[in-house]
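This report refers to the structure that appears directly beneath it.
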Amino acid sequence: MSMPPSENGLPVYKADEKITTAEKLRNLPWYLAFVASNSVAINLTFIGSIFVLYLNELGFNKTLLGAVLSLVPFVNIFSIFIADKISEIGARKAFLSSFAIRFLIWLPIILSPWVRQQFGQVMMAILVIVIVFVFSFFRMISSVSIMPWNQEIIPKSIRGVFSAKQLAISNAINILTVALAGLYIARSEGIQPFNILFVIGVIFGLISAWICTRFPGGSPKQGIEKPSSIVENFRIPVKDKNYMRFVHGIGWITLAESLFSYVALFMNEEIGLSAGNVVLLQTGVMVGGVLTSFIWGWASDRYGSKPVLQINMVLTAILPILWFITPYRSNFSFIVALGISLIQGASQMGRNIGGARLLYNRLVPIKFSTPYFALYNANLGLMMGLSQVFGGILLDSLDNISGSIRQFPINSYSILFGLILIFSFIGIMVIMTVKSEGEVSVGEFVSLFFKGNPLLAFESLIGYSRPKKERETINLTERLGRTQSYLVIDELLSTLKDPRFFVRYEAIISIARHHPHPKLTEAIIEILNGNDPALSVISAWALGRIKDPKALEALRHSAVHSEYRSVRAHCVRSLGALGDRESIPLILALFQNETDRGLLQACASALGHLGEASVFDDLIDLMLSSTVKENRDELLLTLARLIGNEDDFILIHRQLTEDFFTNASIIIHALRIGTDTDLDPLLISTCSSEFAKGNMESASQMLLEISHRLFEGADNALLNALLHRFSTHIEGNNENLRNLSLLMIFAVFSITENK
């Protein structure tokens, strides 16, 4: 494959040159390196608790603090004014230049304490506001630029899993960064530790910019007419109703989530946690994200983005309730708050993965990606900015509110948590209206984790991801079936395509053990119709055990048209096991016209399952002519199914197989004869005694007499037919007489049990 021309060791892509999937995959490690380096940079500068605590140390009140924090998102509104310019110059150039500049602009913020000392609090506040505003402007450009570039260089098929990987790496780096920063701040005093952390963050930001030069793509958009105005540029995304519903829904949940930044102050002022412990809570958020990242990424790629997004929006709505009931100034306060942080991290991770995958893969067309992403970014910025300003004003204006409900205090933060709950609920309602074809519903998604054994399923999934030898793979496949979980459906389907025969064979058996699922049934039907008779036979058996009605048509077809008699026989058996009465004419035709013993046996068994009594005499003939004991026993069972209860027959059969004469004597002796019969107790006693002595012929004569008297007047053609056959084989102590005696004892037992 020819490579793009190189410039200073870096590939250069023409505007109309498409990046291959192989090239995208080859460059993904650079993207992960960027994520890691940038995670250090943003955590030590403007994201998280460090900057909030820094402003608090500088003496910013909550209103001013909220105004400063709101600048970062508010400036994103300008995204709509620069979208066409980014499309013109290309995402690559726009991102690299703005990303590096924004960190250089951040560096002068370390002069804030000096300015306050030299020129007063007001000038210091102006300096901070100017730096944050200019920084936010270039951050806005880089944010709008990276989104279409990201869509271009990450393959759709792995976006969920790759997002999980990058977020896991990001959170792992975040954990280490924030933990070290928190310990450093806790062991230091004054403002100087914050300034040192800012400098380190800027250095890592510049390293991140250099790493991004290794990314492919990002060239200017070609073949798109330059819009005549801003309104024209956004005409297409605004008219996309499904996309706009998503934007509005995410906007509401962002409005709620942005208020989370005040939780750090709540934990410090109300719950009573130290500044160091407040920073460490952010570690809990990141740990929760890391622990669930691959689950959410895997789930979104497999089951769809929307259910993952919705589930985690619900978790977000629960968080303010948990904060509200956190114990105040207790020995357990930090532990409880840390537990809530884990849930917060899990929900944030799930929302980020599900929302991003839905946006990038489903809602944004690549051709018009820049205006779509710009509008999305502007909406997020507006909501985040409003929440920061509104949150600060709210907390300051309601600062004097105090009260309690039972043991729970009511204050300005309680009202804030109530608003978070309301905003989250609105967002959930709006996202529910977003259409996303080919994805499971939220209910179906939740049920995946309650059907079968999800823990065994995840254990098996982890084991399946690593290549194994044949015996180990067979054992793992068997475990996949035992999970009874829909989480392993794709893995079971994959094992059906394994090149190793016995792995495929075990996969069919495992699927037969599993709960019915349309994908599994379709896959087994495909094997049934294939050219491997060994696998077709076991597939026919599996379809009978799965008991999915969708398999009936395929079984009927193969029962007649398969070129292999063994396959036809197993199809017939499965039709009987499934209770398919519509197949009775088909099976009757086979039974009456086929000469193959195995196929006849299968037809007989199926007809017994289906209760088809018209072939009772033919079944007796087949049983009497059989030379294989196991076949005779199965035919006896088939006849018994037409006469009475199968469970009773199995019990009698086991007893008589163990010791025919002794147990036959016991059964006859224990017959409970109703008072409305004229049976002679002496006859019963004598018959029992003859069986006990092993006198087969005389015992059979007496059993025949008992049956005559018991069946007399009974309007039952099957019993009369059995009585006739038994009477014709009464002479001679042979195997047929013993089998007919067993069947007759069962018939007598069934009649007396029902009286």
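In the structure tokens, chains take letters A, B, ... by order of appearance, with residues numbered from 1 within each chain and ligands from 1 in the order shown.
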(message) If we count only C-alpha atoms and set the cut-off at 8 Å, which residues sit around A:Gly391, ignoring sequence neighbours fewer than 5 positions away in its own chain? Please answer as a ChimeraX atom specification.
(response) /A:63,66,259,262,416
Per residue of stretch 588-701 of chain A within 9 Å of stretch 729-750 of chain A, record the nearest atom pair and its distance in Å to one decimal, counting only C-alpha atoms, with rows in chain order and ascending residue number, as JSON lines.
```
{"residue": "A:Met623", "atom": "CA", "partner": "A:Asn736", "partner_atom": "CA", "distance": 8.6}
{"residue": "A:Leu624", "atom": "CA", "partner": "A:Asn736", "partner_atom": "CA", "distance": 6.1}
{"residue": "A:Ser625", "atom": "CA", "partner": "A:Asn736", "partner_atom": "CA", "distance": 8.9}
{"residue": "A:Arg632", "atom": "CA", "partner": "A:Asn739", "partner_atom": "CA", "distance": 8.3}
{"residue": "A:Asp633", "atom": "CA", "partner": "A:Asn739", "partner_atom": "CA", "distance": 8.4}
{"residue": "A:Leu636", "atom": "CA", "partner": "A:Leu743", "partner_atom": "CA", "distance": 7.0}
{"residue": "A:Leu637", "atom": "CA", "partner": "A:Leu743", "partner_atom": "CA", "distance": 8.9}
{"residue": "A:Leu639", "atom": "CA", "partner": "A:Leu743", "partner_atom": "CA", "distance": 8.1}
{"residue": "A:Ala640", "atom": "CA", "partner": "A:Leu743", "partner_atom": "CA", "distance": 7.0}
{"residue": "A:Ile643", "atom": "CA", "partner": "A:Ala747", "partner_atom": "CA", "distance": 6.7}
{"residue": "A:Gly644", "atom": "CA", "partner": "A:Ser750", "partner_atom": "CA", "distance": 6.0}
{"residue": "A:Asn645", "atom": "CA", "partner": "A:Ser750", "partner_atom": "CA", "distance": 7.5}
{"residue": "A:Asp648", "atom": "CA", "partner": "A:Phe746", "partner_atom": "CA", "distance": 7.8}
{"residue": "A:Phe649", "atom": "CA", "partner": "A:Phe746", "partner_atom": "CA", "distance": 6.3}
{"residue": "A:Ile652", "atom": "CA", "partner": "A:Phe746", "partner_atom": "CA", "distance": 7.1}
{"residue": "A:His653", "atom": "CA", "partner": "A:Leu742", "partner_atom": "CA", "distance": 7.4}
{"residue": "A:Leu656", "atom": "CA", "partner": "A:Leu742", "partner_atom": "CA", "distance": 7.6}
{"residue": "A:Phe660", "atom": "CA", "partner": "A:Arg738", "partner_atom": "CA", "distance": 8.7}
{"residue": "A:Ala664", "atom": "CA", "partner": "A:Ile745", "partner_atom": "CA", "distance": 7.7}
{"residue": "A:Ile667", "atom": "CA", "partner": "A:Phe749", "partner_atom": "CA", "distance": 8.0}
{"residue": "A:Ile668", "atom": "CA", "partner": "A:Ile745", "partner_atom": "CA", "distance": 7.6}
{"residue": "A:Leu671", "atom": "CA", "partner": "A:Phe749", "partner_atom": "CA", "distance": 6.9}
{"residue": "A:Arg672", "atom": "CA", "partner": "A:Phe749", "partner_atom": "CA", "distance": 8.6}
{"residue": "A:Asn695", "atom": "CA", "partner": "A:Asn733", "partner_atom": "CA", "distance": 8.8}
{"residue": "A:Met696", "atom": "CA", "partner": "A:Asn733", "partner_atom": "CA", "distance": 6.1}
{"residue": "A:Glu697", "atom": "CA", "partner": "A:Glu731", "partner_atom": "CA", "distance": 6.2}
{"residue": "A:Ser698", "atom": "CA", "partner": "A:Ile730", "partner_atom": "CA", "distance": 8.9}
{"residue": "A:Ser700", "atom": "CA", "partner": "A:Ile730", "partner_atom": "CA", "distance": 6.5}
{"residue": "A:Gln701", "atom": "CA", "partner": "A:Ile730", "partner_atom": "CA", "distance": 6.8}
```
(message) What's around A:Val572 at 8 Å? Count only C-alpha atoms, leave out sequence neighbours fewer than 6 positions away in its own chain, and write the answer as a ChimeraX atom specification.
(response) /A:555-556,559,587,602-603,606
Could you save the residues just selected, with C-alpha atoms, as a PDB file, in the first residue's frame?
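Writing the result to selection.pdb gives the following:
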```pdb
ATOM      1  CA  LEU A 555     -37.383 -28.540  10.822  1.00  0.00           C
ATOM      2  CA  ARG A 556     -40.382 -29.493   8.668  1.00  0.00           C
ATOM      3  CA  ALA A 559     -37.457 -33.627   7.798  1.00  0.00           C
ATOM      4  CA  ILE A 587     -44.665 -37.447  10.042  1.00  0.00           C
ATOM      5  CA  ALA A 602     -37.907 -41.290  15.126  1.00  0.00           C
ATOM      6  CA  CYS A 603     -41.357 -40.988  13.560  1.00  0.00           C
ATOM      7  CA  ALA A 606     -42.575 -38.023  17.553  1.00  0.00           C
TER       8      ALA A 606
END
```
(request) Tell me, as a PyMOL selection string, which residues lie within 12 Å of A:Phe51, counting only C-alpha atoms; anything in the same chain fewer than 2 positions away does not count. (result) chain A and resi 42-49+53-58+60+65-66+68-69+106+109-110+128+132+178+181+191+193-195+197-198+201+261+264+279
(request) Identify, on the basis of only C-alpha atoms, every residue whose closest approach to A:Gln484 does not exceed 7 Å; exclude the query and any residue fewer than 4 positions from it along the same chain; express the result as a list in words. (result) Lys451, Gly452, Asn453, His514 and His515 of chain A
(message) For the helix (DSSP H, G or I) assignment from backbone DSSP, which residues of stretch 656-725 of chain A qualify? Please present them as a PyMOL selection string.
(response) chain A and resi 656-658+660-669+681-693+696-711+717-725
Next, write the just-selected residues to a file, as a short mmCIF file (atom, residue, chain, number, x, y, z; two decimals), in the first residue's frame, keeping N, CA and C atoms as the atom set.
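Result file result_0.cif:
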```
data_model
loop_
_atom_site.label_atom_id
_atom_site.label_comp_id
_atom_site.auth_asym_id
_atom_site.auth_seq_id
_atom_site.Cartn_x
_atom_site.Cartn_y
_atom_site.Cartn_z
N LEU A 656 -39.26 -52.48 37.12
CA LEU A 656 -39.29 -53.79 36.47
C LEU A 656 -37.98 -54.12 35.77
N THR A 657 -37.24 -53.10 35.33
CA THR A 657 -35.94 -53.36 34.73
C THR A 657 -34.96 -53.85 35.79
N GLU A 658 -35.09 -53.32 36.99
CA GLU A 658 -34.20 -53.71 38.08
C GLU A 658 -34.47 -55.16 38.53
N PHE A 660 -37.72 -57.69 37.52
CA PHE A 660 -39.03 -57.74 36.88
C PHE A 660 -40.06 -58.44 37.75
N PHE A 661 -39.80 -59.65 38.16
CA PHE A 661 -40.82 -60.46 38.83
C PHE A 661 -41.16 -59.93 40.22
N THR A 662 -40.14 -59.58 40.99
CA THR A 662 -40.41 -59.10 42.35
C THR A 662 -41.22 -57.81 42.33
N ASN A 663 -40.80 -56.85 41.52
CA ASN A 663 -41.50 -55.55 41.49
C ASN A 663 -42.85 -55.64 40.80
N ALA A 664 -42.98 -56.55 39.82
CA ALA A 664 -44.30 -56.76 39.22
C ALA A 664 -45.27 -57.30 40.26
N SER A 665 -44.78 -58.21 41.11
CA SER A 665 -45.61 -58.76 42.18
C SER A 665 -46.05 -57.66 43.15
N ILE A 666 -45.12 -56.77 43.49
CA ILE A 666 -45.44 -55.69 44.43
C ILE A 666 -46.48 -54.74 43.84
N ILE A 667 -46.31 -54.39 42.56
CA ILE A 667 -47.24 -53.45 41.91
C ILE A 667 -48.64 -54.05 41.83
N ILE A 668 -48.75 -55.34 41.44
CA ILE A 668 -50.06 -55.98 41.34
C ILE A 668 -50.71 -56.08 42.72
N HIS A 669 -49.91 -56.41 43.70
CA HIS A 669 -50.45 -56.56 45.05
C HIS A 669 -50.96 -55.22 45.61
N PRO A 681 -60.35 -60.24 44.92
CA PRO A 681 -59.08 -60.01 45.60
C PRO A 681 -58.17 -61.22 45.55
N LEU A 682 -58.77 -62.42 45.55
CA LEU A 682 -57.97 -63.63 45.47
C LEU A 682 -57.23 -63.71 44.14
N LEU A 683 -57.90 -63.25 43.06
CA LEU A 683 -57.27 -63.24 41.74
C LEU A 683 -56.04 -62.33 41.74
N ILE A 684 -56.19 -61.18 42.35
CA ILE A 684 -55.07 -60.23 42.43
C ILE A 684 -53.94 -60.82 43.25
N SER A 685 -54.29 -61.43 44.37
CA SER A 685 -53.27 -62.02 45.25
C SER A 685 -52.55 -63.16 44.55
N THR A 686 -53.30 -63.98 43.82
CA THR A 686 -52.69 -65.12 43.12
C THR A 686 -51.77 -64.64 42.00
N CYS A 687 -52.23 -63.64 41.27
CA CYS A 687 -51.40 -63.07 40.18
C CYS A 687 -50.10 -62.52 40.76
N SER A 688 -50.21 -61.81 41.87
CA SER A 688 -49.01 -61.27 42.51
C SER A 688 -48.07 -62.38 42.93
N SER A 689 -48.65 -63.47 43.45
CA SER A 689 -47.83 -64.59 43.91
C SER A 689 -47.13 -65.27 42.74
N GLU A 690 -47.81 -65.42 41.63
CA GLU A 690 -47.21 -66.07 40.46
C GLU A 690 -46.05 -65.24 39.90
N PHE A 691 -46.21 -63.93 39.90
CA PHE A 691 -45.09 -63.07 39.47
C PHE A 691 -43.91 -63.23 40.42
N ALA A 692 -44.20 -63.29 41.72
CA ALA A 692 -43.13 -63.42 42.70
C ALA A 692 -42.35 -64.72 42.51
N LYS A 693 -43.08 -65.78 42.06
CA LYS A 693 -42.42 -67.08 41.84
C LYS A 693 -41.69 -67.15 40.50
N MET A 696 -43.97 -66.83 34.54
CA MET A 696 -44.37 -65.78 33.60
C MET A 696 -45.70 -66.08 32.92
N GLU A 697 -45.86 -67.34 32.45
CA GLU A 697 -47.05 -67.66 31.65
C GLU A 697 -48.31 -67.63 32.51
N SER A 698 -48.26 -68.26 33.67
CA SER A 698 -49.45 -68.28 34.53
C SER A 698 -49.76 -66.89 35.07
N ALA A 699 -48.71 -66.12 35.43
CA ALA A 699 -48.93 -64.76 35.91
C ALA A 699 -49.55 -63.91 34.82
N SER A 700 -49.12 -64.12 33.59
CA SER A 700 -49.67 -63.34 32.47
C SER A 700 -51.14 -63.68 32.23
N GLN A 701 -51.49 -65.00 32.39
CA GLN A 701 -52.89 -65.40 32.23
C GLN A 701 -53.77 -64.67 33.25
N MET A 702 -53.33 -64.64 34.48
CA MET A 702 -54.10 -63.96 35.51
C MET A 702 -54.15 -62.45 35.28
N LEU A 703 -53.02 -61.87 34.80
CA LEU A 703 -53.00 -60.44 34.47
C LEU A 703 -53.97 -60.14 33.36
N LEU A 704 -54.09 -61.09 32.38
CA LEU A 704 -55.04 -60.93 31.28
C LEU A 704 -56.46 -60.93 31.82
N GLU A 705 -56.74 -61.82 32.79
CA GLU A 705 -58.08 -61.88 33.37
C GLU A 705 -58.41 -60.59 34.14
N ILE A 706 -57.43 -60.12 34.90
CA ILE A 706 -57.63 -58.86 35.62
C ILE A 706 -57.92 -57.72 34.65
N SER A 707 -57.17 -57.67 33.55
CA SER A 707 -57.34 -56.61 32.56
C SER A 707 -58.70 -56.69 31.89
N HIS A 708 -59.15 -57.98 31.57
CA HIS A 708 -60.47 -58.15 30.96
C HIS A 708 -61.55 -57.55 31.85
N ARG A 709 -61.51 -57.88 33.12
CA ARG A 709 -62.54 -57.41 34.04
C ARG A 709 -62.44 -55.89 34.26
N LEU A 710 -61.19 -55.41 34.30
CA LEU A 710 -61.01 -53.97 34.57
C LEU A 710 -61.40 -53.12 33.37
N PHE A 711 -61.08 -53.61 32.15
CA PHE A 711 -61.36 -52.83 30.93
C PHE A 711 -62.78 -53.03 30.42
N ALA A 717 -60.37 -47.57 22.79
CA ALA A 717 -59.88 -48.43 21.72
C ALA A 717 -58.44 -48.85 21.94
N LEU A 718 -57.64 -47.99 22.54
CA LEU A 718 -56.23 -48.31 22.75
C LEU A 718 -56.08 -49.46 23.74
N LEU A 719 -56.83 -49.41 24.84
CA LEU A 719 -56.75 -50.47 25.84
C LEU A 719 -57.23 -51.80 25.26
N ASN A 720 -58.29 -51.74 24.48
CA ASN A 720 -58.81 -52.96 23.86
C ASN A 720 -57.81 -53.53 22.86
N ALA A 721 -57.14 -52.64 22.11
CA ALA A 721 -56.13 -53.11 21.16
C ALA A 721 -54.96 -53.74 21.90
N LEU A 722 -54.56 -53.14 23.01
CA LEU A 722 -53.46 -53.68 23.81
C LEU A 722 -53.85 -55.03 24.40
N LEU A 723 -55.09 -55.14 24.86
CA LEU A 723 -55.57 -56.39 25.43
C LEU A 723 -55.54 -57.51 24.40
N HIS A 724 -55.94 -57.18 23.20
CA HIS A 724 -55.93 -58.19 22.13
C HIS A 724 -54.51 -58.65 21.82
N ARG A 725 -53.58 -57.71 21.70
CA ARG A 725 -52.19 -58.08 21.40
C ARG A 725 -51.60 -58.91 22.54
#
```
(request) Rank A:Gly385, A:Val314, A:Thr477, A:Leu575 by their smallest atom-to-atom distance to A:Ile253, using only C-alpha atoms, and report the top residue only. (result) A:Val314
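You will find atom CA of A:Glu23 at 8.0 Å from atom CA of A:Pro216.
Between atom CA of A:Ala604 and atom CA of A:Leu552 the interatomic distance comes to 18.5 Å.
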(request) Could you tell me how far atom CA of A:Phe324 lies from atom CA of A:Ile410, in Å and to one decimal? (result) 9.0 Å
(request) Kindly indicate which residue among A:Leu319, A:Ala125, A:Leu25, A:Leu176 lies nearest to A:Gln344, using only C-alpha atoms for the distances. (result) A:Leu319
(message) Env of A:Trp541: 8 Å cut, atoms = only C-alpha atoms, seq-sep filter 5 positions within chain, self excluded. Answer as a PyMOL selection string.
(response) chain A and resi 570-571+573-574
Tell me, as a compact mmCIF listing (two decimals) with N, CA and C atoms, in the first residue's frame, which residues lie within 12 Å of A:Asp498, counting only C-alpha atoms; anything in the same chain fewer than 2 positions away does not count.
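Contents of the output file out-v5.txt:
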```txt
# COMPACT_ATOMS: atom_id res chain seq x y z
N PRO A 467 -7.12 -15.77 23.11
CA PRO A 467 -7.05 -17.04 22.37
C PRO A 467 -6.63 -18.19 23.28
N LYS A 468 -7.24 -19.38 23.07
CA LYS A 468 -6.94 -20.53 23.90
C LYS A 468 -6.82 -21.78 23.04
N LYS A 469 -6.25 -22.83 23.65
CA LYS A 469 -6.16 -24.11 22.96
C LYS A 469 -7.56 -24.72 22.85
N GLU A 470 -7.67 -25.76 22.01
CA GLU A 470 -8.98 -26.30 21.69
C GLU A 470 -9.74 -26.77 22.92
N THR A 473 -10.93 -23.88 24.94
CA THR A 473 -12.00 -23.17 24.24
C THR A 473 -13.32 -23.92 24.33
N ILE A 474 -13.25 -25.26 24.26
CA ILE A 474 -14.47 -26.08 24.41
C ILE A 474 -15.07 -25.88 25.80
N THR A 477 -16.62 -22.47 25.99
CA THR A 477 -17.88 -22.44 25.24
C THR A 477 -19.01 -23.06 26.05
N GLU A 491 -20.70 -13.95 21.41
CA GLU A 491 -19.61 -14.90 21.58
C GLU A 491 -20.04 -16.31 21.18
N LEU A 492 -21.26 -16.68 21.53
CA LEU A 492 -21.77 -17.98 21.11
C LEU A 492 -21.86 -18.07 19.59
N LEU A 493 -22.30 -17.00 18.97
CA LEU A 493 -22.36 -16.97 17.50
C LEU A 493 -20.96 -17.07 16.90
N SER A 494 -20.00 -16.44 17.55
CA SER A 494 -18.63 -16.48 17.05
C SER A 494 -18.04 -17.88 17.13
N THR A 495 -18.35 -18.62 18.21
CA THR A 495 -17.81 -19.97 18.33
C THR A 495 -18.37 -20.90 17.26
N LEU A 496 -19.54 -20.58 16.73
CA LEU A 496 -20.10 -21.39 15.63
C LEU A 496 -19.26 -21.28 14.36
N ARG A 500 -12.27 -25.00 14.38
CA ARG A 500 -12.13 -26.30 15.05
C ARG A 500 -13.50 -26.96 15.20
N PHE A 501 -13.62 -28.20 14.67
CA PHE A 501 -14.90 -28.89 14.61
C PHE A 501 -15.54 -29.04 15.99
N PHE A 502 -14.76 -29.53 16.95
CA PHE A 502 -15.34 -29.82 18.25
C PHE A 502 -15.72 -28.55 19.01
N VAL A 503 -15.12 -27.42 18.69
CA VAL A 503 -15.55 -26.15 19.27
C VAL A 503 -16.93 -25.79 18.72
N ARG A 504 -17.11 -25.95 17.40
CA ARG A 504 -18.41 -25.67 16.80
C ARG A 504 -19.48 -26.63 17.35
N TYR A 505 -19.09 -27.89 17.53
CA TYR A 505 -20.02 -28.89 18.05
C TYR A 505 -20.47 -28.51 19.46
N GLU A 506 -19.51 -28.13 20.30
CA GLU A 506 -19.84 -27.72 21.66
C GLU A 506 -20.67 -26.44 21.68
N ALA A 507 -20.41 -25.55 20.70
CA ALA A 507 -21.18 -24.31 20.61
C ALA A 507 -22.65 -24.60 20.38
N ILE A 508 -22.96 -25.58 19.53
CA ILE A 508 -24.36 -25.93 19.27
C ILE A 508 -25.01 -26.48 20.53
```
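The smallest atom-to-atom distance between A:Lys367 and any of A:Ser583, A:Ser188, A:Ser87, A:Asn379, using only C-alpha atoms, is found for A:Ser87.
Each of A:Phe137, A:Phe294, A:Phe119, A:Phe34 was checked against A:Ala378 using only C-alpha atoms; the smallest atom-to-atom distance is that of A:Phe137.
When only C-alpha atoms are used to measure the gap to A:Phe78, the shortest distance among A:Gly544, A:Gly530, A:Pro113, A:Pro371 belongs to A:Pro371.
When only C-alpha atoms are used to compute distances to A:Ile340, the closest of the residues A:Thr326, A:Ser465, A:Ser208, A:Asn352 turns out to be A:Thr326.
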